[in-house]
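Raw run-v4.cif, mmCIF, C-alpha atoms:
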```
data_start
loop_
_atom_site.label_atom_id
_atom_site.label_comp_id
_atom_site.auth_asym_id
_atom_site.auth_seq_id
_atom_site.Cartn_x
_atom_site.Cartn_y
_atom_site.Cartn_z
CA MET A 1 0.00 0.00 0.00
CA ASP A 2 1.29 3.47 -0.89
CA ALA A 3 2.11 5.71 2.06
CA MET A 4 -0.74 8.01 3.05
CA GLU A 5 -0.21 11.70 2.37
CA TRP A 6 -1.20 12.91 5.84
CA ASN A 7 -2.64 16.33 6.54
CA PRO A 8 -5.27 17.50 9.04
CA GLY A 9 -8.03 16.81 6.54
CA THR A 10 -7.03 13.21 5.81
CA LEU A 11 -6.44 12.62 9.52
CA LEU A 12 -9.94 13.77 10.47
CA GLN A 13 -11.45 11.88 7.54
CA LEU A 14 -9.89 8.69 8.89
CA SER A 15 -11.12 9.47 12.40
CA GLY A 16 -14.70 9.86 11.20
CA ASN A 17 -14.81 7.06 8.64
CA TYR A 18 -16.91 4.94 10.98
CA TRP A 19 -19.88 7.27 10.33
CA ALA A 20 -20.21 5.96 6.77
CA GLY A 21 -19.73 2.35 7.87
CA CYS A 22 -22.38 2.67 10.55
CA ALA A 23 -24.80 4.22 8.04
CA LEU A 24 -24.31 1.19 5.78
CA HIS A 25 -24.72 -1.23 8.70
CA ALA A 26 -27.98 0.44 9.75
CA ALA A 27 -29.39 0.40 6.23
CA VAL A 28 -28.64 -3.31 5.86
CA LYS A 29 -30.00 -4.12 9.31
CA LEU A 30 -33.23 -2.26 8.50
CA ASP A 31 -33.34 -3.73 4.96
CA LEU A 32 -33.82 -0.27 3.42
CA PHE A 33 -32.22 -1.25 0.13
CA SER A 34 -35.14 -3.60 -0.60
CA HIS A 35 -37.61 -0.68 -0.67
CA GLN A 36 -38.44 2.05 -3.17
CA GLY A 37 -40.56 5.17 -2.74
CA SER A 38 -40.69 8.39 -0.75
CA ALA A 39 -39.02 8.59 2.64
CA GLU A 40 -42.43 8.35 4.29
CA GLU A 41 -43.40 5.29 2.24
CA ILE A 42 -40.11 3.51 2.93
CA ALA A 43 -40.37 4.38 6.63
CA GLU A 44 -43.86 2.92 6.82
CA ALA A 45 -42.93 -0.20 4.83
CA SER A 46 -39.84 -0.85 6.95
CA GLY A 47 -41.42 0.09 10.27
CA ASN A 48 -39.13 3.03 11.03
CA ASP A 49 -39.45 6.69 11.97
CA PRO A 50 -39.94 8.98 8.92
CA ARG A 51 -37.46 11.64 10.06
CA GLY A 52 -34.70 9.14 10.82
CA THR A 53 -35.40 7.20 7.64
CA SER A 54 -35.19 10.36 5.53
CA MET A 55 -31.83 11.28 7.05
CA LEU A 56 -30.38 7.82 6.49
CA LEU A 57 -31.69 7.64 2.91
CA ASN A 58 -30.07 11.00 2.13
CA ALA A 59 -26.76 9.78 3.58
CA LEU A 60 -26.99 6.66 1.41
CA CYS A 61 -27.55 8.88 -1.62
CA ALA A 62 -24.43 10.85 -0.68
CA LEU A 63 -22.55 7.55 -0.53
CA GLY A 64 -23.82 6.61 -3.99
CA LEU A 65 -25.73 3.57 -2.73
CA MET A 66 -29.21 5.10 -3.18
CA GLU A 67 -30.63 7.39 -5.87
CA LYS A 68 -33.24 10.09 -5.41
CA GLU A 69 -35.38 11.59 -8.14
CA GLY A 70 -38.57 13.57 -7.64
CA GLY A 71 -38.64 12.64 -3.96
CA VAL A 72 -38.48 8.92 -4.78
CA TYR A 73 -35.60 6.85 -3.43
CA ARG A 74 -34.34 3.65 -5.02
CA SER A 75 -31.21 1.53 -4.62
CA SER A 76 -28.36 2.09 -7.07
CA ALA A 77 -27.56 -0.66 -9.57
CA PHE A 78 -24.63 -1.76 -7.39
CA ALA A 79 -26.80 -1.84 -4.26
CA ARG A 80 -29.50 -3.83 -6.05
CA GLU A 81 -26.90 -6.50 -6.82
CA PHE A 82 -25.17 -6.70 -3.44
CA LEU A 83 -27.39 -5.10 -0.78
CA ILE A 84 -30.93 -6.28 -1.46
CA SER A 85 -31.63 -9.27 0.75
CA ALA A 86 -33.36 -11.22 -2.04
CA SER A 87 -30.33 -10.96 -4.35
CA PRO A 88 -28.26 -14.14 -4.81
CA ARG A 89 -25.15 -11.94 -4.48
CA PHE A 90 -26.29 -10.29 -1.22
CA LEU A 91 -23.35 -9.30 1.00
CA GLY A 92 -25.44 -8.17 3.94
CA HIS A 93 -24.41 -11.06 6.18
CA ILE A 94 -20.76 -10.04 6.31
CA ILE A 95 -21.82 -6.40 6.71
CA LEU A 96 -23.95 -7.36 9.71
CA HIS A 97 -21.01 -9.31 11.11
CA HIS A 98 -18.97 -6.11 10.86
CA HIS A 99 -21.82 -4.34 12.66
CA HIS A 100 -21.61 -6.85 15.51
CA LEU A 101 -17.88 -6.13 15.85
CA VAL A 102 -18.28 -2.37 16.26
CA ALA A 103 -18.90 -2.37 20.02
CA GLY A 104 -15.71 -4.36 20.63
CA TRP A 105 -13.64 -2.02 18.43
CA GLY A 106 -14.90 0.86 20.57
CA ARG A 107 -12.99 -0.80 23.43
CA LEU A 108 -9.71 -1.25 21.53
CA ALA A 109 -7.75 0.92 23.97
CA GLU A 110 -8.91 -1.36 26.79
CA ALA A 111 -7.85 -4.47 24.86
CA VAL A 112 -4.42 -2.98 24.16
CA HIS A 113 -3.97 -1.87 27.77
CA GLU A 114 -4.93 -5.29 29.16
CA GLY A 115 -3.52 -7.39 26.30
CA ALA A 116 -6.75 -9.39 26.37
CA PRO A 117 -10.07 -9.62 24.50
CA VAL A 118 -12.98 -7.45 25.55
CA ARG A 119 -15.57 -10.01 24.46
CA ASP A 120 -15.92 -13.69 23.68
CA ALA A 121 -15.52 -14.90 20.10
CA ILE A 122 -18.77 -14.61 18.12
CA SER A 123 -18.08 -17.93 16.38
CA HIS A 124 -18.33 -19.79 19.71
CA THR A 125 -20.44 -17.80 22.13
CA GLY A 126 -22.29 -15.11 20.17
CA SER A 127 -26.05 -14.80 20.02
CA GLU A 128 -27.93 -16.81 17.41
CA GLN A 129 -28.10 -13.73 15.15
CA GLU A 130 -24.41 -12.95 15.62
CA ARG A 131 -23.39 -16.52 14.79
CA ARG A 132 -25.69 -16.60 11.77
CA SER A 133 -24.24 -13.35 10.44
CA PHE A 134 -20.72 -14.69 11.05
CA GLU A 135 -21.21 -18.02 9.26
CA LEU A 136 -23.21 -16.60 6.37
CA GLY A 137 -20.73 -13.73 6.22
CA MET A 138 -17.95 -16.27 5.76
CA ARG A 139 -20.03 -17.70 2.91
CA ASN A 140 -20.34 -14.19 1.44
CA LEU A 141 -16.56 -13.75 1.44
CA ALA A 142 -15.77 -17.25 0.17
CA SER A 143 -18.33 -16.92 -2.60
CA LEU A 144 -16.40 -13.90 -3.87
CA SER A 145 -12.91 -15.41 -3.58
CA ALA A 146 -13.36 -19.15 -4.18
CA PRO A 147 -14.14 -18.80 -7.92
CA LYS A 148 -10.80 -16.97 -8.27
CA VAL A 149 -8.74 -19.23 -6.00
CA VAL A 150 -9.99 -22.73 -6.84
CA PRO A 151 -9.10 -22.77 -10.57
CA GLN A 152 -5.50 -21.87 -9.67
CA ILE A 153 -4.96 -24.84 -7.33
CA ASP A 154 -4.46 -28.21 -9.03
CA LEU A 155 -6.33 -30.96 -7.14
CA LEU A 156 -7.10 -33.19 -10.12
CA ASP A 157 -5.01 -36.04 -8.67
CA ARG A 158 -6.44 -35.65 -5.16
CA ARG A 159 -9.34 -37.77 -3.93
CA ARG A 160 -10.26 -36.78 -0.32
CA LEU A 161 -10.38 -33.20 0.94
CA LEU A 162 -10.45 -32.13 4.59
CA ASP A 163 -11.94 -28.64 5.01
CA LEU A 164 -10.87 -27.97 8.61
CA GLY A 165 -12.91 -25.30 10.35
CA GLY A 166 -14.74 -24.82 7.07
CA GLY A 167 -17.96 -23.39 8.53
CA PRO A 168 -20.51 -23.42 5.71
CA GLY A 169 -18.07 -25.33 3.49
CA THR A 170 -18.10 -22.90 0.58
CA TYR A 171 -14.51 -23.57 -0.44
CA ALA A 172 -14.96 -27.34 -0.13
CA ALA A 173 -18.00 -27.14 -2.40
CA HIS A 174 -16.10 -25.14 -5.01
CA PHE A 175 -13.14 -27.53 -4.87
CA CYS A 176 -15.44 -30.54 -5.33
CA GLN A 177 -17.34 -28.84 -8.12
CA ALA A 178 -14.09 -28.12 -9.98
CA ASN A 179 -12.63 -31.62 -9.41
CA PRO A 180 -15.18 -34.35 -10.25
CA ALA A 181 -13.17 -37.15 -8.59
CA LEU A 182 -12.78 -35.27 -5.32
CA GLN A 183 -14.80 -36.03 -2.17
CA GLY A 184 -14.78 -33.67 0.79
CA CYS A 185 -15.40 -33.50 4.52
CA ILE A 186 -16.15 -30.27 6.38
CA VAL A 187 -15.08 -30.43 10.04
CA ASP A 188 -16.42 -27.73 12.34
CA LEU A 189 -18.57 -27.10 15.40
CA ALA A 190 -21.98 -28.79 15.48
CA ALA A 191 -23.73 -25.40 15.33
CA ASN A 192 -22.41 -24.99 11.79
CA ARG A 193 -24.04 -28.14 10.43
CA PRO A 194 -27.19 -26.38 9.07
CA PHE A 195 -25.07 -23.89 7.12
CA ALA A 196 -22.87 -26.64 5.69
CA GLU A 197 -25.87 -28.78 4.75
CA GLU A 198 -27.40 -25.80 2.95
CA THR A 199 -24.19 -25.39 0.94
CA ILE A 200 -24.08 -29.10 0.12
CA ALA A 201 -27.66 -28.93 -1.14
CA ASP A 202 -27.08 -25.73 -3.11
CA PHE A 203 -24.13 -27.33 -4.94
CA ASP A 204 -25.91 -30.71 -5.32
CA LEU A 205 -23.00 -32.48 -3.59
CA ALA A 206 -24.85 -34.94 -1.35
CA GLY A 207 -22.79 -38.13 -1.25
CA ARG A 208 -19.58 -36.31 -2.18
CA LEU A 209 -19.34 -33.68 0.54
CA ASP A 210 -20.27 -34.32 4.16
CA PHE A 211 -20.01 -32.66 7.57
CA VAL A 212 -18.40 -33.96 10.75
CA ALA A 213 -19.12 -32.09 14.00
CA ALA A 214 -15.94 -31.54 16.02
CA ASP A 215 -13.97 -28.91 17.87
CA PHE A 216 -10.74 -28.94 15.90
CA ILE A 217 -8.70 -28.08 19.00
CA THR A 218 -10.09 -30.56 21.53
CA ASP A 219 -11.62 -33.39 19.45
CA PRO A 220 -9.91 -36.06 17.32
CA LEU A 221 -10.13 -35.55 13.57
CA PRO A 222 -11.08 -38.07 10.89
CA GLY A 223 -8.19 -39.27 8.72
CA GLY A 224 -7.32 -40.73 5.36
CA PHE A 225 -7.22 -37.45 3.41
CA ASP A 226 -4.78 -36.47 0.67
CA VAL A 227 -5.46 -32.72 0.79
CA ALA A 228 -6.34 -30.43 3.70
CA TRP A 229 -7.64 -26.86 3.42
CA LEU A 230 -7.20 -24.58 6.45
CA SER A 231 -8.76 -21.27 5.50
CA HIS A 232 -8.58 -18.40 8.00
CA ILE A 233 -8.47 -20.53 11.14
CA LEU A 234 -4.88 -20.11 12.32
CA HIS A 235 -5.45 -16.43 13.09
CA GLY A 236 -7.93 -17.40 15.81
CA GLU A 237 -5.17 -19.15 17.76
CA GLY A 238 -1.89 -18.30 19.41
CA GLU A 239 1.33 -20.05 18.43
CA ALA A 240 0.60 -23.12 20.57
CA GLY A 241 -2.88 -23.49 19.08
CA CYS A 242 -1.50 -23.08 15.55
CA ARG A 243 1.07 -25.78 16.18
CA LEU A 244 -1.61 -28.13 17.50
CA LEU A 245 -3.90 -27.45 14.53
CA LEU A 246 -1.17 -28.05 12.00
CA GLU A 247 0.03 -31.22 13.73
CA LYS A 248 -3.53 -32.60 13.77
CA ALA A 249 -4.05 -31.69 10.11
CA VAL A 250 -0.78 -33.38 9.14
CA THR A 251 -1.81 -36.51 11.07
CA ALA A 252 -5.13 -36.55 9.18
CA LEU A 253 -3.26 -36.59 5.86
CA GLU A 254 -1.77 -39.59 4.10
CA PRO A 255 1.92 -39.55 3.09
CA GLY A 256 2.29 -37.23 0.11
CA GLY A 257 -0.76 -35.28 1.20
CA LEU A 258 -1.05 -31.58 0.40
CA LEU A 259 -1.79 -29.04 3.14
CA LEU A 260 -2.98 -25.55 2.16
CA VAL A 261 -3.18 -22.65 4.60
CA GLN A 262 -5.00 -19.46 3.64
CA GLU A 263 -4.54 -16.41 5.88
CA PHE A 264 -4.31 -12.63 5.87
CA ILE A 265 -0.51 -12.55 5.80
CA LEU A 266 1.68 -9.82 7.24
CA ASP A 267 4.99 -8.84 5.72
CA ASN A 268 7.90 -10.36 7.61
CA ASP A 269 8.63 -7.03 9.33
CA LYS A 270 4.90 -6.77 10.20
CA ARG A 271 4.66 -3.17 8.97
CA GLY A 272 1.87 -4.12 6.56
CA PRO A 273 -0.16 -4.74 4.50
CA LEU A 274 -2.82 -2.60 6.16
CA PHE A 275 -5.67 -5.12 6.26
CA PRO A 276 -3.74 -7.94 8.00
CA ALA A 277 -2.31 -5.39 10.46
CA LEU A 278 -5.79 -4.15 11.37
CA PHE A 279 -7.18 -7.68 11.34
CA SER A 280 -4.62 -8.64 13.96
CA LEU A 281 -6.17 -6.00 16.23
CA ASN A 282 -9.55 -7.58 15.55
CA MET A 283 -8.14 -10.82 16.93
CA LEU A 284 -6.82 -8.99 20.00
CA ILE A 285 -10.33 -7.64 20.65
CA ASN A 286 -12.15 -10.93 20.07
CA THR A 287 -9.84 -13.84 20.95
CA PRO A 288 -7.52 -14.72 23.86
CA ASN A 289 -4.46 -15.47 21.74
CA GLY A 290 -5.27 -14.92 18.05
CA ALA A 291 -3.26 -12.73 15.68
CA ALA A 292 -2.34 -12.25 12.04
CA TYR A 293 0.95 -13.97 11.17
CA SER A 294 3.76 -13.17 8.79
CA GLU A 295 4.72 -15.36 5.85
CA ARG A 296 7.90 -16.41 7.63
CA GLU A 297 5.98 -17.35 10.79
CA ILE A 298 3.45 -19.46 8.87
CA GLU A 299 6.18 -21.22 6.92
CA ARG A 300 8.10 -21.96 10.13
CA LEU A 301 5.00 -23.37 11.81
CA MET A 302 4.35 -25.62 8.81
CA LEU A 303 7.96 -26.82 8.66
CA ASP A 304 7.91 -27.55 12.39
CA ALA A 305 4.76 -29.64 11.85
CA GLY A 306 6.79 -31.90 9.56
CA LEU A 307 5.75 -30.54 6.17
CA THR A 308 8.21 -30.22 3.30
CA ALA A 309 8.34 -28.10 0.13
CA VAL A 310 6.65 -25.29 2.04
CA ARG A 311 6.05 -22.27 -0.18
CA ARG A 312 3.66 -19.41 -0.72
CA LEU A 313 1.63 -19.80 -3.88
CA THR A 314 1.86 -17.03 -6.46
CA LEU A 315 -1.68 -15.72 -6.27
CA ASP A 316 -2.99 -12.16 -6.32
CA LEU A 317 -5.64 -12.10 -3.58
CA PRO A 318 -7.34 -9.12 -1.93
CA ASN A 319 -6.79 -7.76 1.58
CA GLY A 320 -3.31 -9.21 1.97
CA ALA A 321 -4.60 -12.79 1.77
CA GLY A 322 -2.23 -15.52 0.70
CA ILE A 323 -1.99 -19.32 0.53
CA VAL A 324 0.97 -21.32 1.80
CA ALA A 325 1.33 -24.96 0.71
CA GLY A 326 3.28 -27.88 2.15
CA ILE A 327 3.61 -31.63 1.53
CA VAL A 328 3.53 -34.49 4.04
CA PRO A 329 6.71 -36.56 3.51
CA GLU A 330 6.27 -39.97 1.92
CA ASN A 331 8.52 -41.58 4.54
CA ARG A 332 7.08 -40.08 7.72
#
```
Please express what this file holds, its structure, as structure tokens.
Amino acid sequence: MDAMEWNPGTLLQLSGNYWAGCALHAAVKLDLFSHQGSAEEIAEASGNDPRGTSMLLNALCALGLMEKEGGVYRSSAFAREFLISASPRFLGHIILHHHHLVAGWGRLAEAVHEGAPVRDAISHTGSEQERRSFELGMRNLASLSAPKVVPQIDLLDRRRLLDLGGGPGTYAAHFCQANPALQGCIVDLAANRPFAEETIADFDLAGRLDFVAADFITDPLPGGFDVAWLSHILHGEGEAGCRLLLEKAVTALEPGGLLLVQEFILDNDKRGPLFPALFSLNMLINTPNGAAYSEREIERLMLDAGLTAVRRLTLDLPNGAGIVAGIVPENR
């Protein structure tokens, strides 16, 4: 990322950027993008106050997410594709997950001072709505990235995929869809089964992709796989937890098996990229030991777990994401 040209204006813009984010969160939460009409009509249809609705609609127009003509508001073309709840490309779940994180980020100074989270992880102890937004938000993100990632990873000679901590199993479904001989197993907490089963049904993968309920830290894992996919789960753990996860994944793989780790990866000096650096703070706020890791740290953890030929794949992914691959030795 290019260095910011700082001045008082850019500094204050950064300080107030949360206003725009909160306006988007509120509009998604209230499902305003699904309505069209005057402010009064949209307020009545959505069950909200006319004055507040009018103000929020005007802010959304200023953001370019709503349009207003002759006193009639309607969603922009972009918003109709990604922000209307009935759209197949709806991204509102991940936006609502961001909304649920806001209160914790307001206590960042406390988390830094204490070196400890200010709340429990949503994925384990959040309310039903928080957990739903989290899991479906992970599906939102994977649905955007999997079609770009999967074609660049050759699994044609692989037969059994372990999607460890896969949540709704979006990546596993895309991998199976792209590799007709591949069968998959999503391993995650029991609460995630309905989301995974919905994905399996959506991709028509019954009989090829299944779900096993397990806590990947405390429970034994199934075995006999020749490829394992660990997508954005190491960052929820400290070094000891990462070592345990990788050791268990390696044990679940047959000799010659391929292990793939996807993470938001920091530069080795940890001065960037921006998103992984900020995401590491998100782990400080929400987990006891989680953090974003550098490429060197991830490679060292994988080598220590007994993997060979460890390397970062040459992929151009957003938000500082990257994939590191390693092979289980044939003679282990």
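In terms of minimum interatomic distance to A:Leu266, A:Leu278 ranks closest within A:Leu315, A:Met66, A:Cys22, A:Leu278, counting all atoms listed in the file.
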**Request:** Return the single residue from A:Thr170, A:Asn286, A:Ser54, A:Gln177 that is closest to A:Phe195, with distances computed using all atoms listed in the file.
**Result:** A:Thr170
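Straight-line separation from atom CA of A:Asn319 to atom CA of A:Arg139: 16.6 Å.
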**Message:** Which residue is closest to A:Leu258? Choose from A:Glu110, A:Glu128, A:Asp215, A:Asp154 and count all atoms listed in the file.
**Reply:** A:Asp154
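Minimum distance to A:Glu254 across A:Arg158, A:Leu230, A:Gly272, A:Ala305 (counting all atoms listed in the file) occurs at A:Arg158.
Of the listed residues A:Ser15, A:Ala121, A:Gly126, A:Asp202, the one whose atoms come nearest to A:Pro88 is A:Asp202, with distances taken using only C-alpha atoms.
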**Message:** I'd like the residues picked by the PyMOL selection byres ((chain A and resi 37) around 6) written out as JSON, numbers by chain, using the chain letters and numbers from the file.
**Reply:** {"A": [36, 38, 41, 42, 72, 73]}
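A straight line drawn from atom CA of A:Val187 to atom CA of A:Gly167 is 7.8 Å long.
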**Request:** Would you mind reading off the distance between atom CA of A:Ser87 and atom CA of A:Ile200, one decimal, in Å?
**Result:** 19.7 Å
I'd like the neighbourhood of stretch 279-283 of chain A as an mmCIF file with C-alpha atoms, keeping the file's coordinate frame, where a residue qualifies if any of its atoms comes within 7 Å (using all atoms listed in the file), though same-chain residues fewer than 4 positions away should be ignored.
```cif
data_model
loop_
_atom_site.group_PDB
_atom_site.id
_atom_site.type_symbol
_atom_site.label_atom_id
_atom_site.label_comp_id
_atom_site.auth_asym_id
_atom_site.auth_seq_id
_atom_site.Cartn_x
_atom_site.Cartn_y
_atom_site.Cartn_z
ATOM 1 C CA GLY A 236 -7.930 -17.400 15.810
ATOM 2 C CA PHE A 275 -5.670 -5.120 6.260
ATOM 3 C CA THR A 287 -9.840 -13.840 20.950
ATOM 4 C CA GLY A 290 -5.270 -14.920 18.050
ATOM 5 C CA ALA A 291 -3.260 -12.730 15.680
ATOM 6 C CA ALA A 292 -2.340 -12.250 12.040
#
```
**Asked** Could you list as number ranges by chain every residue that has an atom within 12 Å of (-32.7, 8.0, 10.7), using the file's coordinates and counting all atoms listed in the file?
**Response** A: 22-24, 26-27, 30, 32, 39-40, 42-43, 46-60
**Item:** Within 9 Å of file point (-5.8, -20.3, 13.2), counting only C-alpha atoms, expressed as an MDAnalysis selection string
**Value:** chainID A and resid 230:239 241:242 245 263 290:292
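Residue nearest A:Leu313, chosen from A:His35, A:Leu274, A:Gln262, A:His113 and counting all atoms listed in the file: A:Gln262.
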I want to know what sits within 12 Å of A:Leu244, based on all atoms listed in the file, with residues of the same chain fewer than 3 positions away left out; could you give that as a compact mmCIF listing (two decimals) with C-alpha atoms, in the frame of the given file?
```
# COMPACT_ATOMS: atom_id res chain seq x y z
CA PHE A 216 -10.74 -28.94 15.90
CA ILE A 217 -8.70 -28.08 19.00
CA THR A 218 -10.09 -30.56 21.53
CA ASP A 219 -11.62 -33.39 19.45
CA PRO A 220 -9.91 -36.06 17.32
CA LEU A 221 -10.13 -35.55 13.57
CA LEU A 234 -4.88 -20.11 12.32
CA GLU A 237 -5.17 -19.15 17.76
CA GLY A 238 -1.89 -18.30 19.41
CA GLU A 239 1.33 -20.05 18.43
CA ALA A 240 0.60 -23.12 20.57
CA GLY A 241 -2.88 -23.49 19.08
CA GLU A 247 0.03 -31.22 13.73
CA LYS A 248 -3.53 -32.60 13.77
CA ALA A 249 -4.05 -31.69 10.11
CA VAL A 250 -0.78 -33.38 9.14
CA THR A 251 -1.81 -36.51 11.07
CA LEU A 301 5.00 -23.37 11.81
CA MET A 302 4.35 -25.62 8.81
CA ASP A 304 7.91 -27.55 12.39
CA ALA A 305 4.76 -29.64 11.85
```
